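Comments concern the structure below.
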Amino acid sequence: MGYKVVVAGATGNVGREMLNILAERQFPVDELVPLASRRSLGTEVSFGDQTLKTKDIDGFDFTGYDIALFAIGSDATKKYAPIAAKQGCIVIDNSSLYRYDPDVPLVVPEVNPEAVDGYAKKNIIANPNCSTAQMVVALKPLHDRAKIKRVVVSTYQSVSGSGKAAIDELWDQTKGMYVPGQEVEPKVYPKQIAFNVIPHIDVFLDDGSTKEEWKMVAETKKIVDPAIKLTATCVRVPVFVGHSEAINIEFEEFLDEDEARDILREAPGIMVVDKREDGGYVTPVECVGDFATFISRIRQDSTIENGLNLWCVSDNLRKGAALNAVQIAETLGNRVLKKG
């Protein structure tokens with residue numbers, strides 16, 4: 001016996017990826033219902049070899065369904081997630097709405113799988129921010145060995161993190177650079193994204209950081225260890241899919257780069273590609289469509305006593321969103337629901 005599953009936001013980038021990954025990982029589904037807003041009602045989506053028509057999320061009865069994967073943004077989630085949860089369906093939410101709620105577990109299955117046990121307080125589990133998810137997969141095994149004091153991270157985040165309109169904007173602006181009269185003014189972003197980088201993701205806060213940077217700090221503390229100090233600079237780059245991060249880590253005790261490399265090779269969800277030669281590292285183009293978080297450029301930081309640098313790349317639509325949500329569903333099934 002398998003699960004009755006709902007995917008809310010099934011016509012969006014992340015929702016479609018959730019459907020792909022549920023099929024690829026052969027999640028034990030007895031019934032799957034794709035939901036969308038009324039304007040997308042009846043749109044066809046693919047699930048394995050099936051073609052399914054979306055149903056209207058407004059008024060949908062979640063009673064009898066086991067798990068709902070939500071990819072509909074915070075405003076819609078605020079309306080529909082409590083309804084699903086009250087009707088007995090466990091919500092795995094990809095928005096930021098519940099991530100910082102103390103009664104809602106924030107889960108990366110390779111890092112804190114035991115946290116799913118706390119779902120019952122609200123019948124909701126939160127999926128972390130895309131840039132946080134791939135980073136903590138790398139931090140956790142190193143933290144277990146040498147205890148992390150401080151992290152300095154700079155991100156290079158693809159436009160797919162902003163949705164389809166941002167992908168179109170990068171594409172159209174790039175074409176417009178070469179075709180006179182087809183120039184495209186910024187709409188999704190405050191400045192041109194083609195052939196440019198923008199050190200601004202989400203809104204600015206009073207202290208000068210952006211909310212994306214604040215998310216990385218707060219979520220790392222909640223998922224890994226509240227004692228970790230972290231500072232982030234988050235940057236949007238003209239890449240379609242795949243987030244990259246340059247991570248500097250300071251430990252309580254010395255950790256040799258070779259031992260760190262061995263630890264990461266054995267860690268779940270990680271693929272180490274670290275050759276000190278031309279092309280001996282992974283870039284965003286190469287990670288698209290892959291389940292793994294790739295780690296390269298592992299090396300000692302000689303400017304501090306116990307420091308390491310590394311380069312971290314992952315498909316943000318997968319590990320940063322859809323894959324992590326499906327992995328949460330798998331963890332929930334194995335630890336709690338025990339079907340399939």
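Residue numbers start at 1 in each chain; chains themselves are named A, B, ... in the order of the structure tokens; ligands are numbered from 1 in the order shown.
Near range 234-249 of chain A, within a cut-off of 6 Å and counting only C-alpha atoms, sit the residues Arg150, Val151, Val152, Val153, Ser154, Thr155, Tyr156, Gln157, Ser158, Val159, Ser160, Ile193, Ala194, Val197, Ile198, Pro199, His200, Pro284, Gly307, Leu308, Asn309, Leu310, Trp311, Cys312, Val313, Ser314, Asp315 and Asn316 of chain A, with same-chain residues fewer than 3 positions away left out.
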Distance query range 45-50 of chain A at most 9 Å, only C-alpha atoms, self and fewer than 5 positions along chain excluded, as a PyMOL selection string:
chain A and resi 10-11+16+19-20+22-24+32+34
Output all heavy atoms of each residue in that selection to a file, as a short mmCIF file (atom, residue, chain, number, x, y, z; two decimals), in the first residue's frame.
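The new file selection-v8.cif reads:
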```cif
data_model
loop_
_atom_site.label_atom_id
_atom_site.label_comp_id
_atom_site.auth_asym_id
_atom_site.auth_seq_id
_atom_site.Cartn_x
_atom_site.Cartn_y
_atom_site.Cartn_z
N ALA A 10 1.56 22.57 -9.09
CA ALA A 10 2.12 21.55 -10.00
C ALA A 10 2.54 22.10 -11.36
O ALA A 10 3.28 21.43 -12.09
CB ALA A 10 1.12 20.41 -10.18
N THR A 11 2.08 23.30 -11.73
CA THR A 11 2.43 23.84 -13.04
C THR A 11 3.67 24.74 -13.00
O THR A 11 4.17 25.15 -14.04
CB THR A 11 1.26 24.65 -13.63
OG1 THR A 11 0.94 25.73 -12.75
CG2 THR A 11 0.03 23.78 -13.82
N ARG A 16 6.64 21.09 -11.04
CA ARG A 16 6.91 20.11 -12.10
C ARG A 16 8.12 19.24 -11.74
O ARG A 16 8.15 18.04 -12.03
CB ARG A 16 7.15 20.83 -13.43
CG ARG A 16 5.90 21.43 -14.04
CD ARG A 16 6.19 22.16 -15.34
NE ARG A 16 5.04 22.87 -15.86
CZ ARG A 16 4.09 22.35 -16.63
NH1 ARG A 16 4.17 21.08 -16.98
NH2 ARG A 16 3.08 23.08 -17.06
N LEU A 19 7.11 16.53 -9.34
CA LEU A 19 6.48 15.41 -10.04
C LEU A 19 7.54 14.52 -10.69
O LEU A 19 7.46 13.28 -10.62
CB LEU A 19 5.50 15.93 -11.09
CG LEU A 19 4.26 16.64 -10.57
CD1 LEU A 19 3.53 17.36 -11.70
CD2 LEU A 19 3.32 15.66 -9.88
N ASN A 20 8.53 15.14 -11.33
CA ASN A 20 9.62 14.37 -11.96
C ASN A 20 10.36 13.52 -10.94
O ASN A 20 10.65 12.35 -11.18
CB ASN A 20 10.62 15.32 -12.63
CG ASN A 20 10.04 16.00 -13.86
OD1 ASN A 20 9.09 15.52 -14.46
ND2 ASN A 20 10.62 17.14 -14.22
N LEU A 22 9.44 12.58 -7.82
CA LEU A 22 8.60 11.52 -7.24
C LEU A 22 8.63 10.28 -8.15
O LEU A 22 8.73 9.14 -7.67
CB LEU A 22 7.16 12.00 -7.07
CG LEU A 22 6.88 12.94 -5.91
CD1 LEU A 22 5.52 13.62 -6.08
CD2 LEU A 22 6.94 12.20 -4.57
N ALA A 23 8.56 10.52 -9.46
CA ALA A 23 8.59 9.41 -10.42
C ALA A 23 9.98 8.78 -10.51
O ALA A 23 10.13 7.55 -10.46
CB ALA A 23 8.13 9.90 -11.79
N GLU A 24 11.01 9.62 -10.61
CA GLU A 24 12.39 9.11 -10.75
C GLU A 24 12.80 8.26 -9.55
O GLU A 24 13.47 7.24 -9.71
CB GLU A 24 13.36 10.28 -10.89
CG GLU A 24 13.37 10.94 -12.25
CD GLU A 24 14.28 12.16 -12.28
OE1 GLU A 24 15.30 12.15 -11.56
OE2 GLU A 24 13.96 13.11 -13.01
N LEU A 32 -2.03 10.30 -7.12
CA LEU A 32 -1.41 11.62 -7.12
C LEU A 32 -2.35 12.64 -7.75
O LEU A 32 -2.88 12.41 -8.83
CB LEU A 32 -0.08 11.63 -7.86
CG LEU A 32 0.71 12.93 -7.67
CD1 LEU A 32 2.20 12.67 -7.49
CD2 LEU A 32 0.50 13.87 -8.86
N PRO A 34 -2.41 16.63 -8.90
CA PRO A 34 -1.75 17.92 -9.08
C PRO A 34 -2.75 19.06 -8.91
O PRO A 34 -3.82 19.04 -9.51
CB PRO A 34 -1.24 17.84 -10.53
CG PRO A 34 -2.19 16.93 -11.22
CD PRO A 34 -2.78 16.00 -10.19
#
```
List as a PDB file with N, CA, C and O atoms, in the first residue's frame the protein and nucleic acid residues near Gly88 in chain A, meaning an atom at most 10 Å away when only C-alpha atoms are counted, but skip any in the same chain fewer than 4 places from it.
```
ATOM      1  N   PHE A  62      -8.620  17.818   1.257  1.00  0.00           N
ATOM      2  CA  PHE A  62      -7.394  17.059   1.503  1.00  0.00           C
ATOM      3  C   PHE A  62      -7.632  15.822   2.376  1.00  0.00           C
ATOM      4  O   PHE A  62      -6.698  15.057   2.627  1.00  0.00           O
ATOM      5  N   THR A  63      -8.844  15.636   2.832  1.00  0.00           N
ATOM      6  CA  THR A  63      -9.157  14.500   3.705  1.00  0.00           C
ATOM      7  C   THR A  63      -8.826  13.177   3.007  1.00  0.00           C
ATOM      8  O   THR A  63      -9.198  12.971   1.846  1.00  0.00           O
ATOM      9  N   GLY A  64      -8.103  12.314   3.692  1.00  0.00           N
ATOM     10  CA  GLY A  64      -7.744  11.015   3.133  1.00  0.00           C
ATOM     11  C   GLY A  64      -6.421  10.997   2.398  1.00  0.00           C
ATOM     12  O   GLY A  64      -5.916   9.921   2.056  1.00  0.00           O
ATOM     13  N   TYR A  65      -5.847  12.165   2.158  1.00  0.00           N
ATOM     14  CA  TYR A  65      -4.528  12.239   1.520  1.00  0.00           C
ATOM     15  C   TYR A  65      -3.446  12.255   2.594  1.00  0.00           C
ATOM     16  O   TYR A  65      -3.617  12.850   3.663  1.00  0.00           O
ATOM     17  N   ASP A  66      -2.335  11.594   2.312  1.00  0.00           N
ATOM     18  CA  ASP A  66      -1.276  11.441   3.314  1.00  0.00           C
ATOM     19  C   ASP A  66      -0.334  12.640   3.356  1.00  0.00           C
ATOM     20  O   ASP A  66      -0.002  13.140   4.431  1.00  0.00           O
ATOM     21  N   ILE A  67       0.132  13.065   2.173  1.00  0.00           N
ATOM     22  CA  ILE A  67       1.187  14.078   2.084  1.00  0.00           C
ATOM     23  C   ILE A  67       0.828  15.089   0.988  1.00  0.00           C
ATOM     24  O   ILE A  67       0.394  14.701  -0.100  1.00  0.00           O
ATOM     25  N   PRO A  82      -2.895  25.456   6.326  1.00  0.00           N
ATOM     26  CA  PRO A  82      -3.650  25.109   7.545  1.00  0.00           C
ATOM     27  C   PRO A  82      -4.902  24.280   7.244  1.00  0.00           C
ATOM     28  O   PRO A  82      -5.293  23.428   8.047  1.00  0.00           O
ATOM     29  N   ILE A  83      -5.508  24.516   6.071  1.00  0.00           N
ATOM     30  CA  ILE A  83      -6.688  23.722   5.694  1.00  0.00           C
ATOM     31  C   ILE A  83      -6.295  22.263   5.487  1.00  0.00           C
ATOM     32  O   ILE A  83      -6.924  21.342   6.015  1.00  0.00           O
ATOM     33  N   ALA A  84      -5.221  22.037   4.700  1.00  0.00           N
ATOM     34  CA  ALA A  84      -4.752  20.672   4.452  1.00  0.00           C
ATOM     35  C   ALA A  84      -4.358  19.986   5.751  1.00  0.00           C
ATOM     36  O   ALA A  84      -4.704  18.818   5.991  1.00  0.00           O
ATOM     37  N   ASN A 123       1.199  19.550  11.857  1.00  0.00           N
ATOM     38  CA  ASN A 123       1.029  18.733  10.656  1.00  0.00           C
ATOM     39  C   ASN A 123       1.711  19.372   9.450  1.00  0.00           C
ATOM     40  O   ASN A 123       1.279  19.202   8.308  1.00  0.00           O
TER      41      ASN A 123
END
```
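The shell of residues at most 12 Å from Gln182 in chain A, with only C-alpha atoms counted and near chain neighbours (fewer than 4 positions) removed, consists of A:Trp171, A:Asp172, A:Gln173, A:Thr174, A:Lys175, A:Gly176, A:Met177, A:Tyr178.
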Backbone DSSP call of alpha helix (DSSP H) for range 28-234 of chain A, listed as a VMD selection string
chain A and resid 73 to 86 130 to 146 164 to 176 211 to 223
Write out as a short mmCIF file (atom, residue, chain, number, x, y, z; two decimals) with N, CA and C atoms, in the first residue's frame the residues lying within 12 Å of range 262-268 of chain A, counting only C-alpha atoms and excluding same-chain residues fewer than 6 positions away.
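result.cif, freshly written:
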```
data_model
loop_
_atom_site.label_atom_id
_atom_site.label_comp_id
_atom_site.auth_asym_id
_atom_site.auth_seq_id
_atom_site.Cartn_x
_atom_site.Cartn_y
_atom_site.Cartn_z
N VAL A 108 16.52 19.02 6.50
CA VAL A 108 17.34 18.54 5.39
C VAL A 108 17.68 17.10 5.76
N PRO A 109 17.11 16.10 5.08
CA PRO A 109 17.20 14.72 5.56
C PRO A 109 18.61 14.18 5.78
N GLU A 110 19.62 14.66 5.02
CA GLU A 110 20.99 14.21 5.27
C GLU A 110 21.56 14.78 6.57
N VAL A 111 20.92 15.84 7.07
CA VAL A 111 21.47 16.58 8.21
C VAL A 111 20.71 16.31 9.50
N ASN A 112 19.38 16.48 9.48
CA ASN A 112 18.59 16.34 10.71
C ASN A 112 17.30 15.54 10.47
N PRO A 113 17.42 14.30 10.01
CA PRO A 113 16.21 13.52 9.68
C PRO A 113 15.28 13.31 10.87
N GLN A 134 21.84 23.27 0.23
CA GLN A 134 23.06 22.64 -0.27
C GLN A 134 24.24 22.90 0.67
N VAL A 136 24.26 23.29 4.07
CA VAL A 136 24.27 22.52 5.33
C VAL A 136 24.57 21.05 5.10
N VAL A 137 24.27 20.54 3.89
CA VAL A 137 24.66 19.16 3.57
C VAL A 137 26.17 19.01 3.66
N ALA A 138 26.90 20.05 3.27
CA ALA A 138 28.36 20.02 3.35
C ALA A 138 28.87 20.34 4.75
N LEU A 139 28.20 21.25 5.44
CA LEU A 139 28.68 21.66 6.77
C LEU A 139 28.53 20.57 7.83
N LYS A 140 27.41 19.86 7.80
CA LYS A 140 27.08 18.94 8.91
C LYS A 140 28.14 17.88 9.16
N PRO A 141 28.61 17.12 8.16
CA PRO A 141 29.61 16.09 8.47
C PRO A 141 30.92 16.68 8.98
N LEU A 142 31.28 17.88 8.51
CA LEU A 142 32.50 18.53 9.00
C LEU A 142 32.29 19.03 10.44
N HIS A 143 31.10 19.54 10.72
CA HIS A 143 30.77 20.01 12.07
C HIS A 143 30.80 18.86 13.07
N ASP A 144 30.35 17.69 12.65
CA ASP A 144 30.37 16.52 13.54
C ASP A 144 31.79 16.13 13.92
N ARG A 145 32.73 16.41 13.03
CA ARG A 145 34.12 16.02 13.28
C ARG A 145 34.91 17.10 14.04
N ALA A 146 34.76 18.37 13.70
CA ALA A 146 35.66 19.39 14.24
C ALA A 146 34.96 20.60 14.85
N LEU A 255 41.35 20.79 11.26
CA LEU A 255 40.86 19.74 10.37
C LEU A 255 41.66 19.81 9.08
N ASP A 256 42.40 18.75 8.82
CA ASP A 256 43.25 18.69 7.63
C ASP A 256 42.38 18.59 6.38
N ASP A 274 37.33 17.00 -6.97
CA ASP A 274 38.32 17.97 -6.49
C ASP A 274 39.71 17.60 -6.99
N PHE A 291 21.00 14.75 -8.55
CA PHE A 291 20.54 14.75 -7.17
C PHE A 291 21.61 15.26 -6.19
N ALA A 292 22.86 15.15 -6.55
CA ALA A 292 23.95 15.39 -5.61
C ALA A 292 24.23 16.87 -5.38
N THR A 293 24.85 17.15 -4.24
CA THR A 293 25.51 18.44 -4.00
C THR A 293 26.99 18.20 -4.23
N PHE A 294 27.59 18.98 -5.12
CA PHE A 294 28.98 18.75 -5.53
C PHE A 294 29.92 19.67 -4.75
N ILE A 295 31.02 19.10 -4.28
CA ILE A 295 32.02 19.86 -3.53
C ILE A 295 33.36 19.79 -4.26
N SER A 296 33.96 20.95 -4.46
CA SER A 296 35.27 21.07 -5.12
C SER A 296 36.12 22.09 -4.36
N ILE A 298 38.57 22.05 -2.25
CA ILE A 298 38.78 21.91 -0.79
C ILE A 298 40.23 22.23 -0.48
N LEU A 310 35.95 25.84 0.58
CA LEU A 310 35.43 24.87 -0.38
C LEU A 310 34.43 25.55 -1.31
N CYS A 312 30.88 24.84 -3.48
CA CYS A 312 29.69 23.98 -3.36
C CYS A 312 28.70 24.34 -4.46
#
```
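Distances here use only C-alpha atoms; by that measure, the residue among A:Asp117, A:Glu286, A:Ser209, A:Glu305 closest to Glu252 in chain A is A:Glu305.
Remark: for Lys338 in chain A, the closest of the candidate residues A:Leu35, A:Ala218, A:Met1, A:Val272 is A:Met1 (distances computed over only C-alpha atoms).
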Please identify all polymer residues within 6 Å of Asn94 in chain A, counting only C-alpha atoms, omitting same-chain residues fewer than 6 positions from it, and present them as a list in words.
Phe70, Ala71 and Asn127 of chain A
Residues from the last selection, all heavy atoms, saved as a short mmCIF file (atom, residue, chain, number, x, y, z; two decimals), in the first residue's frame:
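Written file, again.cif:
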```
data_model
loop_
_atom_site.label_atom_id
_atom_site.label_comp_id
_atom_site.auth_asym_id
_atom_site.auth_seq_id
_atom_site.Cartn_x
_atom_site.Cartn_y
_atom_site.Cartn_z
N PHE A 70 3.89 21.35 -1.13
CA PHE A 70 3.45 22.70 -1.48
C PHE A 70 4.57 23.48 -2.16
O PHE A 70 5.67 23.61 -1.61
CB PHE A 70 3.01 23.45 -0.23
CG PHE A 70 1.54 23.31 0.11
CD1 PHE A 70 0.94 22.07 0.16
CD2 PHE A 70 0.76 24.43 0.38
CE1 PHE A 70 -0.41 21.94 0.47
CE2 PHE A 70 -0.58 24.32 0.69
CZ PHE A 70 -1.19 23.07 0.73
N ALA A 71 4.28 24.05 -3.33
CA ALA A 71 5.22 24.92 -4.04
C ALA A 71 4.43 26.08 -4.63
O ALA A 71 4.41 26.31 -5.84
CB ALA A 71 5.94 24.14 -5.14
N ASN A 127 10.56 23.15 4.23
CA ASN A 127 11.72 22.93 3.38
C ASN A 127 12.58 24.19 3.46
O ASN A 127 12.05 25.30 3.39
CB ASN A 127 11.21 22.75 1.94
CG ASN A 127 12.09 21.86 1.11
OD1 ASN A 127 12.84 21.04 1.62
ND2 ASN A 127 12.00 22.01 -0.20
#
```
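Within the 7 Å cut-off around Ile228 in chain A, using only C-alpha atoms and omitting residues fewer than 4 positions from it on the same chain, the listed residues are Ile148, Lys149, Arg150 and Lys221 of chain A.
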Saved selection, atoms kept: all heavy atoms, as an mmCIF file, in the first residue's frame:
```cif
data_model
loop_
_atom_site.group_PDB
_atom_site.id
_atom_site.type_symbol
_atom_site.label_atom_id
_atom_site.label_comp_id
_atom_site.auth_asym_id
_atom_site.auth_seq_id
_atom_site.Cartn_x
_atom_site.Cartn_y
_atom_site.Cartn_z
ATOM 1 N N ILE A 148 32.144 23.541 14.014
ATOM 2 C CA ILE A 148 32.278 24.806 13.291
ATOM 3 C C ILE A 148 32.006 25.986 14.211
ATOM 4 O O ILE A 148 31.013 26.009 14.943
ATOM 5 C CB ILE A 148 31.312 24.838 12.088
ATOM 6 C CG1 ILE A 148 31.706 23.769 11.059
ATOM 7 C CG2 ILE A 148 31.278 26.225 11.448
ATOM 8 C CD1 ILE A 148 30.679 23.559 9.968
ATOM 9 N N LYS A 149 32.905 26.976 14.172
ATOM 10 C CA LYS A 149 32.721 28.222 14.911
ATOM 11 C C LYS A 149 32.047 29.277 14.039
ATOM 12 O O LYS A 149 31.123 29.959 14.472
ATOM 13 C CB LYS A 149 34.080 28.782 15.368
ATOM 14 C CG LYS A 149 34.711 28.055 16.533
ATOM 15 C CD LYS A 149 36.125 28.566 16.802
ATOM 16 C CE LYS A 149 36.164 30.043 17.160
ATOM 17 N NZ LYS A 149 37.538 30.502 17.491
ATOM 18 N N ARG A 150 32.542 29.427 12.822
ATOM 19 C CA ARG A 150 32.098 30.549 11.986
ATOM 20 C C ARG A 150 32.156 30.159 10.508
ATOM 21 O O ARG A 150 33.063 29.434 10.095
ATOM 22 C CB ARG A 150 33.002 31.755 12.236
ATOM 23 C CG ARG A 150 32.638 33.021 11.459
ATOM 24 C CD ARG A 150 33.481 34.203 11.955
ATOM 25 N NE ARG A 150 33.107 35.457 11.296
ATOM 26 C CZ ARG A 150 33.778 36.011 10.293
ATOM 27 N NH1 ARG A 150 34.891 35.429 9.836
ATOM 28 N NH2 ARG A 150 33.385 37.145 9.764
ATOM 29 N N LYS A 221 21.399 27.902 11.730
ATOM 30 C CA LYS A 221 21.323 27.758 13.188
ATOM 31 C C LYS A 221 20.239 26.758 13.589
ATOM 32 O O LYS A 221 20.435 25.925 14.482
ATOM 33 C CB LYS A 221 21.065 29.121 13.844
ATOM 34 C CG LYS A 221 22.261 30.062 13.807
ATOM 35 C CD LYS A 221 21.929 31.416 14.405
ATOM 36 C CE LYS A 221 23.136 32.338 14.431
ATOM 37 N NZ LYS A 221 24.149 31.917 15.428
#
```
Can you list every residue in range 281-334 of chain A that DSSP puts in strand (DSSP E or B), as a PyMOL selection string?
chain A and resi 293-301+307-314
Restricting the calculation to only C-alpha atoms, which member of A:Thr132, A:Asn306, A:Thr54, A:Thr233 is positioned closest to Gly208 in chain A?
A:Thr233
